[in-house]
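Shown next: entry_10.cif, containing mmCIF, C-alpha atoms.
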```cif
data_model
#
loop_
_atom_site.label_atom_id
_atom_site.label_comp_id
_atom_site.auth_asym_id
_atom_site.auth_seq_id
_atom_site.Cartn_x
_atom_site.Cartn_y
_atom_site.Cartn_z
CA MET A 1 -12.02 -17.40 12.40
CA LYS A 2 -8.44 -18.25 11.72
CA ILE A 3 -5.22 -16.62 12.85
CA ILE A 4 -4.05 -16.29 9.26
CA ASP A 5 -6.93 -13.88 8.64
CA TYR A 6 -5.04 -11.42 10.83
CA LEU A 7 -1.39 -12.44 10.43
CA LYS A 8 0.32 -10.98 7.37
CA THR A 9 3.82 -11.74 6.11
CA ASN A 10 4.95 -8.17 6.77
CA ASN A 11 4.00 -8.66 10.44
CA ILE A 12 6.24 -11.70 10.86
CA TYR A 13 9.73 -11.03 12.23
CA LEU A 14 12.15 -13.92 12.53
CA SER A 15 15.38 -13.94 14.55
CA VAL A 16 15.01 -10.52 16.12
CA LEU A 17 17.60 -9.63 18.74
CA LEU A 18 15.90 -7.93 21.69
CA GLU A 19 17.25 -7.83 25.20
CA SER A 20 14.25 -7.42 27.49
CA LYS A 21 10.47 -7.49 27.84
CA THR A 22 10.42 -3.70 27.60
CA ASP A 23 12.35 -3.90 24.33
CA VAL A 24 9.80 -6.38 22.99
CA LEU A 25 6.83 -4.16 23.85
CA LYS A 26 8.55 -1.14 22.29
CA TYR A 27 9.37 -3.17 19.19
CA ILE A 28 5.72 -4.23 18.84
CA ALA A 29 4.46 -0.66 19.19
CA ASP A 30 7.10 0.50 16.74
CA VAL A 31 6.23 -2.01 14.00
CA CYS A 32 2.53 -1.34 14.49
CA VAL A 33 3.15 2.32 13.70
CA GLN A 34 5.46 1.50 10.78
CA ASN A 35 2.94 -0.96 9.30
CA GLY A 36 0.01 1.42 9.66
CA ILE A 37 -1.90 -0.61 12.26
CA VAL A 38 -2.00 2.36 14.64
CA GLU A 39 -0.75 5.93 14.48
CA LYS A 40 0.51 6.66 17.97
CA PHE A 41 3.40 4.67 19.42
CA SER A 42 2.83 5.95 22.96
CA THR A 43 -0.84 4.94 23.26
CA LEU A 44 -0.20 1.42 22.06
CA TYR A 45 2.95 0.97 24.13
CA GLU A 46 1.14 2.18 27.24
CA GLY A 47 -1.72 -0.26 26.54
CA LEU A 48 0.72 -3.15 26.27
CA ILE A 49 2.45 -2.10 29.51
CA GLN A 50 -0.84 -1.81 31.37
CA ARG A 51 -1.90 -5.29 30.28
CA GLU A 52 1.40 -6.75 31.49
CA LYS A 53 0.85 -5.08 34.86
CA THR A 54 -2.44 -6.97 35.26
CA MET A 55 -0.67 -10.29 34.79
CA SER A 56 2.26 -11.28 32.64
CA THR A 57 1.30 -12.57 29.22
CA GLY A 58 4.21 -14.97 29.41
CA VAL A 59 1.92 -17.97 29.57
CA GLY A 60 4.64 -20.61 29.56
CA SER A 61 6.35 -22.91 27.05
CA GLY A 62 8.44 -20.02 25.74
CA ILE A 63 5.48 -18.00 24.49
CA GLY A 64 4.53 -14.39 25.17
CA PHE A 65 1.11 -12.99 24.20
CA PRO A 66 1.34 -9.23 24.64
CA HIS A 67 -1.99 -7.75 23.64
CA THR A 68 -4.04 -4.64 23.94
CA THR A 69 -7.02 -2.89 22.45
CA SER A 70 -6.62 0.25 20.40
CA PRO A 71 -9.11 2.96 19.46
CA GLU A 72 -7.03 3.54 16.32
CA ALA A 73 -6.92 0.00 14.97
CA GLU A 74 -9.49 -0.57 12.25
CA ASP A 75 -9.09 -4.34 12.30
CA ALA A 76 -7.37 -6.87 14.52
CA ALA A 77 -3.70 -7.57 13.79
CA VAL A 78 -1.31 -10.28 14.87
CA ILE A 79 2.42 -9.59 15.10
CA LEU A 80 4.64 -12.66 15.25
CA ILE A 81 8.18 -12.23 16.51
CA ARG A 82 10.70 -15.01 16.93
CA LEU A 83 13.50 -13.82 19.15
CA ALA A 84 17.08 -14.61 18.23
CA LYS A 85 17.82 -15.14 21.92
CA PRO A 86 15.23 -16.17 24.55
CA ILE A 87 14.57 -13.51 27.16
CA ASP A 88 13.00 -13.27 30.60
CA PHE A 89 9.32 -12.38 30.17
CA GLU A 90 8.15 -12.88 33.77
CA SER A 91 6.50 -16.06 32.53
CA LEU A 92 4.20 -18.14 34.68
CA ASP A 93 6.56 -21.12 34.34
CA HIS A 94 9.64 -18.88 34.86
CA LEU A 95 11.12 -20.09 31.56
CA PRO A 96 12.56 -17.67 28.99
CA VAL A 97 10.47 -16.69 26.00
CA ASP A 98 11.45 -16.94 22.34
CA ILE A 99 8.06 -16.65 20.60
CA ILE A 100 6.01 -13.46 20.78
CA LEU A 101 2.47 -13.40 19.41
CA ALA A 102 1.19 -9.87 19.87
CA LEU A 103 -2.46 -9.06 19.32
CA ILE A 104 -3.78 -5.59 18.57
CA ILE A 105 -7.54 -5.49 18.78
CA PRO A 106 -9.95 -2.69 17.85
CA GLU A 107 -11.39 -1.23 21.03
CA SER A 108 -14.87 -1.37 19.51
CA ASN A 109 -14.84 -5.14 19.04
CA PRO A 110 -14.63 -7.07 22.34
CA ALA A 111 -16.02 -10.22 20.70
CA ILE A 112 -13.04 -10.51 18.38
CA HIS A 113 -10.75 -9.89 21.35
CA VAL A 114 -12.05 -12.94 23.20
CA ARG A 115 -12.10 -15.07 20.09
CA LEU A 116 -8.56 -14.22 18.99
CA LEU A 117 -7.20 -14.93 22.46
CA ALA A 118 -8.98 -18.29 22.41
CA ARG A 119 -7.68 -19.04 18.91
CA VAL A 120 -4.08 -18.23 19.75
CA SER A 121 -4.33 -20.07 23.05
CA ARG A 122 -5.54 -23.23 21.33
CA LEU A 123 -2.99 -22.96 18.53
CA CYS A 124 -0.15 -22.71 21.02
CA GLN A 125 -1.21 -26.02 22.52
CA GLN A 126 -0.24 -27.63 19.21
CA HIS A 127 3.37 -28.72 19.22
CA GLU A 128 3.47 -28.45 15.41
CA PHE A 129 2.58 -24.76 15.53
CA LEU A 130 5.40 -23.87 17.91
CA ALA A 131 7.86 -26.11 16.03
CA ALA A 132 6.96 -24.43 12.75
CA ILE A 133 7.71 -21.01 14.21
CA ARG A 134 10.95 -22.12 15.83
CA GLN A 135 12.21 -23.80 12.66
CA ALA A 136 10.96 -21.27 10.10
CA ASP A 137 13.43 -19.80 7.65
CA GLY A 138 11.03 -17.47 5.87
CA SER A 139 7.81 -15.56 6.56
CA GLU A 140 5.87 -16.75 3.52
CA ARG A 141 6.68 -20.41 4.09
CA LEU A 142 5.78 -20.08 7.78
CA LEU A 143 2.45 -18.47 6.94
CA GLU A 144 1.73 -21.33 4.56
CA GLN A 145 2.51 -23.88 7.28
CA ILE A 146 0.25 -22.08 9.76
CA LYS A 147 -2.52 -22.02 7.15
CA LEU A 148 -2.22 -25.78 6.66
CA LEU A 149 -2.19 -26.39 10.41
CA GLU A 150 -5.35 -24.37 10.90
CA GLU A 151 -7.09 -26.08 8.00
CA ASN A 152 -6.33 -29.44 9.57
CA THR A 153 -7.48 -28.45 13.04
CA THR A 154 -10.54 -30.35 14.21
CA PHE A 155 -13.70 -28.25 14.16
CA TYR A 156 -12.37 -25.93 11.50
CA MET B 1 -31.43 -18.71 18.14
CA TYR B 2 -30.71 -21.57 20.51
CA LEU B 3 -30.03 -22.05 24.20
CA LEU B 4 -27.40 -24.69 24.88
CA PHE B 5 -27.27 -26.15 28.37
CA ALA B 6 -24.43 -28.45 29.39
CA VAL B 7 -23.99 -30.07 32.78
CA ILE B 8 -20.35 -31.02 33.03
CA GLU B 9 -19.38 -33.55 35.68
CA ASN B 10 -15.65 -33.46 34.94
CA GLU B 11 -14.39 -30.04 35.96
CA ASP B 12 -10.98 -30.73 34.39
CA LEU B 13 -12.66 -30.26 31.01
CA LEU B 14 -14.04 -26.82 31.66
CA ASP B 15 -11.09 -24.63 30.67
CA GLU B 16 -10.59 -26.42 27.37
CA LEU B 17 -14.32 -26.50 26.70
CA ILE B 18 -14.81 -22.78 27.25
CA THR B 19 -11.66 -21.82 25.34
CA GLY B 20 -12.75 -24.05 22.47
CA TRP B 21 -16.22 -22.55 22.41
CA MET B 22 -14.77 -19.06 22.38
CA ASP B 23 -12.56 -20.09 19.50
CA LEU B 24 -15.68 -21.24 17.66
CA GLY B 25 -17.28 -17.82 18.12
CA ILE B 26 -19.23 -18.18 21.34
CA SER B 27 -18.18 -15.03 23.09
CA GLY B 28 -20.11 -15.50 26.31
CA ALA B 29 -21.54 -18.19 28.55
CA THR B 30 -22.63 -18.49 32.16
CA VAL B 31 -21.19 -21.12 34.48
CA ILE B 32 -22.99 -22.17 37.65
CA GLU B 33 -21.95 -24.58 40.35
CA THR B 34 -24.75 -27.11 40.51
CA THR B 35 -25.64 -30.34 42.24
CA GLY B 36 -27.39 -33.31 40.69
CA ALA B 37 -30.38 -34.65 42.60
CA LEU B 38 -28.70 -38.02 43.07
CA GLN B 39 -25.45 -36.31 44.14
CA LEU B 40 -27.38 -34.40 46.76
CA ILE B 41 -29.41 -37.25 48.15
CA THR B 42 -26.43 -39.63 48.34
CA GLN B 43 -24.74 -37.08 50.58
CA HIS B 44 -27.80 -36.20 52.66
CA VAL B 45 -29.74 -39.45 53.10
CA PRO B 46 -27.62 -42.35 54.42
CA ILE B 47 -29.57 -45.08 52.72
CA PHE B 48 -28.56 -43.64 49.35
CA ALA B 49 -24.85 -43.36 50.22
CA GLY B 50 -24.04 -46.58 48.37
CA LEU B 51 -24.99 -44.89 45.12
CA ARG B 52 -22.29 -42.22 45.38
CA SER B 53 -20.05 -43.98 42.88
CA LEU B 54 -22.81 -43.63 40.29
CA THR B 55 -22.75 -39.87 40.57
CA SER B 56 -19.69 -38.68 38.64
CA GLY B 57 -17.28 -40.71 40.74
CA GLY B 58 -18.58 -39.42 44.04
CA GLY B 59 -18.23 -35.70 43.30
CA ARG B 60 -20.49 -33.40 45.27
CA HIS B 61 -20.98 -30.81 42.57
CA ASN B 62 -20.91 -30.30 38.84
CA LYS B 63 -20.86 -27.23 36.63
CA THR B 64 -23.73 -26.12 34.45
CA ILE B 65 -22.95 -23.88 31.50
CA PHE B 66 -25.55 -22.14 29.42
CA THR B 67 -25.08 -19.99 26.39
CA ALA B 68 -27.21 -18.41 23.69
CA ILE B 69 -26.08 -19.30 20.18
CA ASN B 70 -27.46 -17.44 17.20
CA ASN B 71 -27.06 -19.96 14.41
CA GLU B 72 -27.29 -23.68 13.85
CA LYS B 73 -23.82 -24.03 12.36
CA THR B 74 -22.13 -22.66 15.48
CA LEU B 75 -24.45 -24.72 17.69
CA ASN B 76 -23.53 -27.93 15.86
CA LEU B 77 -19.81 -27.12 16.10
CA ALA B 78 -20.11 -26.33 19.81
CA VAL B 79 -21.92 -29.59 20.52
CA ALA B 80 -19.51 -31.63 18.39
CA PHE B 81 -16.53 -30.05 20.12
CA MET B 82 -18.00 -30.80 23.56
CA GLU B 83 -18.83 -34.39 22.62
CA ASP B 84 -15.33 -34.92 21.24
CA LEU B 85 -13.73 -33.48 24.35
CA CYS B 86 -15.78 -35.74 26.63
CA ARG B 87 -15.21 -38.79 24.43
CA LYS B 88 -11.45 -38.29 24.57
CA THR B 89 -11.49 -38.79 28.35
CA ASP B 90 -12.38 -42.46 27.76
CA LYS B 91 -14.64 -42.24 30.81
CA PRO B 92 -18.41 -42.43 31.23
CA HIS B 93 -20.55 -39.90 33.14
CA GLN B 94 -18.86 -36.75 31.81
CA GLY B 95 -22.11 -34.86 31.68
CA ILE B 96 -25.23 -34.16 29.67
CA TYR B 97 -26.44 -31.41 27.39
CA PHE B 98 -29.65 -30.24 25.86
CA VAL B 99 -30.68 -27.53 23.44
CA THR B 100 -33.87 -25.51 23.30
CA PRO B 101 -35.06 -22.85 20.88
CA LEU B 102 -34.65 -19.36 22.25
CA SER B 103 -37.24 -16.75 21.40
CA HIS B 104 -35.79 -13.65 23.06
CA PHE B 105 -32.31 -12.40 23.92
CA GLY B 106 -31.33 -8.99 25.21
CA ARG B 107 -28.46 -7.18 26.87
CA LEU B 108 -29.18 -5.18 30.00
CA GLY B 109 -27.75 -1.86 31.07
CA MET B 110 -26.51 1.13 29.19
CA ASN B 111 -24.83 0.57 25.86
CA LYS B 112 -21.14 1.49 26.21
CA LYS B 113 -21.31 3.65 23.10
CA THR B 114 -24.37 5.68 24.12
#
```
Encoded form (structure tokens):
Amino acid sequence: MKIIDYLKTNNIYLSVLLESKTDVLKYIADVCVQNGIVEKFSTLYEGLIQREKTMSTGVGSGIGFPHTTSPEAEDAAVILIRLAKPIDFESLDHLPVDIILALIIPESNPAIHVRLLARVSRLCQQHEFLAAIRQADGSERLLEQIKLLEENTTFY
Amino acid sequence: MYLLFAVIENEDLLDELITGWMDLGISGATVIETTGALQLITQHVPIFAGLRSLTSGGGRHNKTIFTAINNEKTLNLAVAFMEDLCRKTDKPHQGIYFVTPLSHFGRLGMNKKT
């Protein structure tokens, strides 16, 4: 499984100005409704909030992984947001976050949930992946770079 | 279907190993704290104490992971990933693994959807 199977150009948002973690979660829920991933803003937003209450998904190195399951989602979806200005995300390393990789996972598919988290977690350990996002000037080009990175990953 | 057993001496490798396996499609595994026979006897019987350095650098325990894998392709990837991870440490005695055929696998308890 590759991240590009679930990340589409219309779910990539570069240089988005958001002021807070709450704004980010609302933005994710909003674009998921707009892009037809789910129907109800409130259910998804509440799911994202509940997950953050368990433990912040600000895992360090400027990355936030908000994620939740959804009974409405037919397939998993990845939303990539590069913030115009880093924000506090209650990260484990206390550093501000500028990259958001949100995962929306069908409630009926826990296996894909685990696998996508593992995939994203491993990808974010690659400096080239984070650099590509931070330097990207277009969604299509970025998606192409991510595709190449994944193809060149060992054991894929 | 296969049963993969790995005894990992270097606990620093565990997080990356399990995350990597999950990334390769292994959604579940069981991890047990275990003790090698030599590890145990070098701690319990004084005459064997001099052999402690032979047992994963003197560690008292290791971790055993076992997981059921339903196809050979995933099994081969999982083993190759584990071997690569251990090789990259540039150290000996990182662990062992073995694979056996698995004839039965079942999940216990009520199905969530029923």
Report the residues retrieved by the PyMOL selection byres ((chain A) within 6 of (chain B)) from the displayed file, expressed as a compact mmCIF listing (two decimals) with C-alpha atoms, keeping the file's coordinate frame.
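And here is the file that came out, out_16.txt:
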```txt
# COMPACT_ATOMS: atom_id res chain seq x y z
CA ALA A 111 -16.02 -10.22 20.70
CA ARG A 115 -12.10 -15.07 20.09
CA ALA A 118 -8.98 -18.29 22.41
CA ARG A 119 -7.68 -19.04 18.91
```
The PyMOL selection byres ((chain A and resi 9-15) around 7) - which residues does that actually catch in the file I just gave you? List them as a ChimeraX atom specification. /A:7-8,16-17,79-84,139-140,143
On this structure, the PyMOL selection byres ((chain A and resi 116) around 10) would catch which residues? List them as a VMD selection string, sorted by chain and number. (chain A and resid 1 to 3 6 76 to 78 103 to 105 110 to 115 117 to 122) or (chain B and resid 22 to 23 25)
Mind giving me the straight-line distance from atom CA of B:Ile32 to atom CA of A:Cys124 in Å, one decimal?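 Those two atoms sit 28.3 Å apart.
A straight line drawn from atom CA of B:Ala37 to atom CA of B:Leu3 is 22.3 Å long.
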Kindly indicate which residue among A:Ile4, A:Ile87, A:Leu148, A:Leu101 lies nearest to A:Thr57, using all atoms listed in the file for the distances.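 Smallest separation from A:Thr57 among the options: A:Leu101.
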List as a PyMOL selection string: which residues have an atom within 10 Å of (11.2, -21.7, 14.2), counting all atoms listed in the file? chain A and resi 14-15+82-83+98-99+129-138+142
I need the chosen residues saved as a PDB file, in the coordinates of the input, with C-alpha atoms.
```
ATOM      1  CA  LEU A  14      12.150 -13.920  12.530  1.00  0.00           C
ATOM      2  CA  SER A  15      15.380 -13.940  14.550  1.00  0.00           C
ATOM      3  CA  ARG A  82      10.700 -15.010  16.930  1.00  0.00           C
ATOM      4  CA  LEU A  83      13.500 -13.820  19.150  1.00  0.00           C
ATOM      5  CA  ASP A  98      11.450 -16.940  22.340  1.00  0.00           C
ATOM      6  CA  ILE A  99       8.060 -16.650  20.600  1.00  0.00           C
ATOM      7  CA  PHE A 129       2.580 -24.760  15.530  1.00  0.00           C
ATOM      8  CA  LEU A 130       5.400 -23.870  17.910  1.00  0.00           C
ATOM      9  CA  ALA A 131       7.860 -26.110  16.030  1.00  0.00           C
ATOM     10  CA  ALA A 132       6.960 -24.430  12.750  1.00  0.00           C
ATOM     11  CA  ILE A 133       7.710 -21.010  14.210  1.00  0.00           C
ATOM     12  CA  ARG A 134      10.950 -22.120  15.830  1.00  0.00           C
ATOM     13  CA  GLN A 135      12.210 -23.800  12.660  1.00  0.00           C
ATOM     14  CA  ALA A 136      10.960 -21.270  10.100  1.00  0.00           C
ATOM     15  CA  ASP A 137      13.430 -19.800   7.650  1.00  0.00           C
ATOM     16  CA  GLY A 138      11.030 -17.470   5.870  1.00  0.00           C
ATOM     17  CA  LEU A 142       5.780 -20.080   7.780  1.00  0.00           C
TER      18      LEU A 142
END
```
What does the distance from atom CA of A:Gly58 to atom CA of A:His127 come to in Å, to one decimal?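 We find that atom CA of A:Gly58 and atom CA of A:His127 lie 17.1 Å from each other.
Taking all atoms listed in the file into account, A:Gly64 lies nearest to A:Val97 out of the set A:Leu149, A:Ala29, A:Ile37, A:Val97.
Nearest residue to B:Asn70, choosing from B:Gly95, B:Leu14, B:Leu102, B:Arg87 and counting all atoms listed in the file: B:Leu102.
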Proximity to B:Pro101 - best of B:Leu85, B:Ala68, B:Val45, B:Lys73, only C-alpha atoms: B:Ala68
Leaving out B:Asn71 and any residue of its chain fewer than 4 positions from it, which residues lie within 10 Å of it when counting all atoms listed in the file, given as JSON, numbers by chain? {"B": [1, 2, 75, 76]}
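Those DNA, RNA and protein residues that approach the point (-23.7, -33.1, 46.4) to within 10 Å, considering all atoms listed in the file, are B:Thr34, B:Thr35, B:Gly36, B:Ala37, B:Leu38, B:Gln39, B:Leu40, B:Ile41, B:Thr42, B:Gln43, B:His44, B:Arg52, B:Thr55, B:Gly58, B:Gly59, B:Arg60, B:His61, B:Asn62.
Of the residues under consideration (A:Arg51, A:Gln125, A:Ala73, A:Ser20), A:Ala73 shows the shortest atom-to-atom contact distance to A:Asn35 when counting only C-alpha atoms.
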Smallest atom-to-atom distance to A:Lys53: which of A:Glu90, A:Glu19, A:Glu144, A:Asp75, using all atoms listed in the file?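 Among A:Glu90, A:Glu19, A:Glu144, A:Asp75, it is A:Glu90 that comes nearest to A:Lys53.
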If we count only C-alpha atoms and set the cut-off at 8 Å, which residues sit around A:Leu25, ignoring sequence neighbours fewer than 5 positions away in its own chain? Please answer as a PyMOL selection string. chain A and resi 45+48-49+66
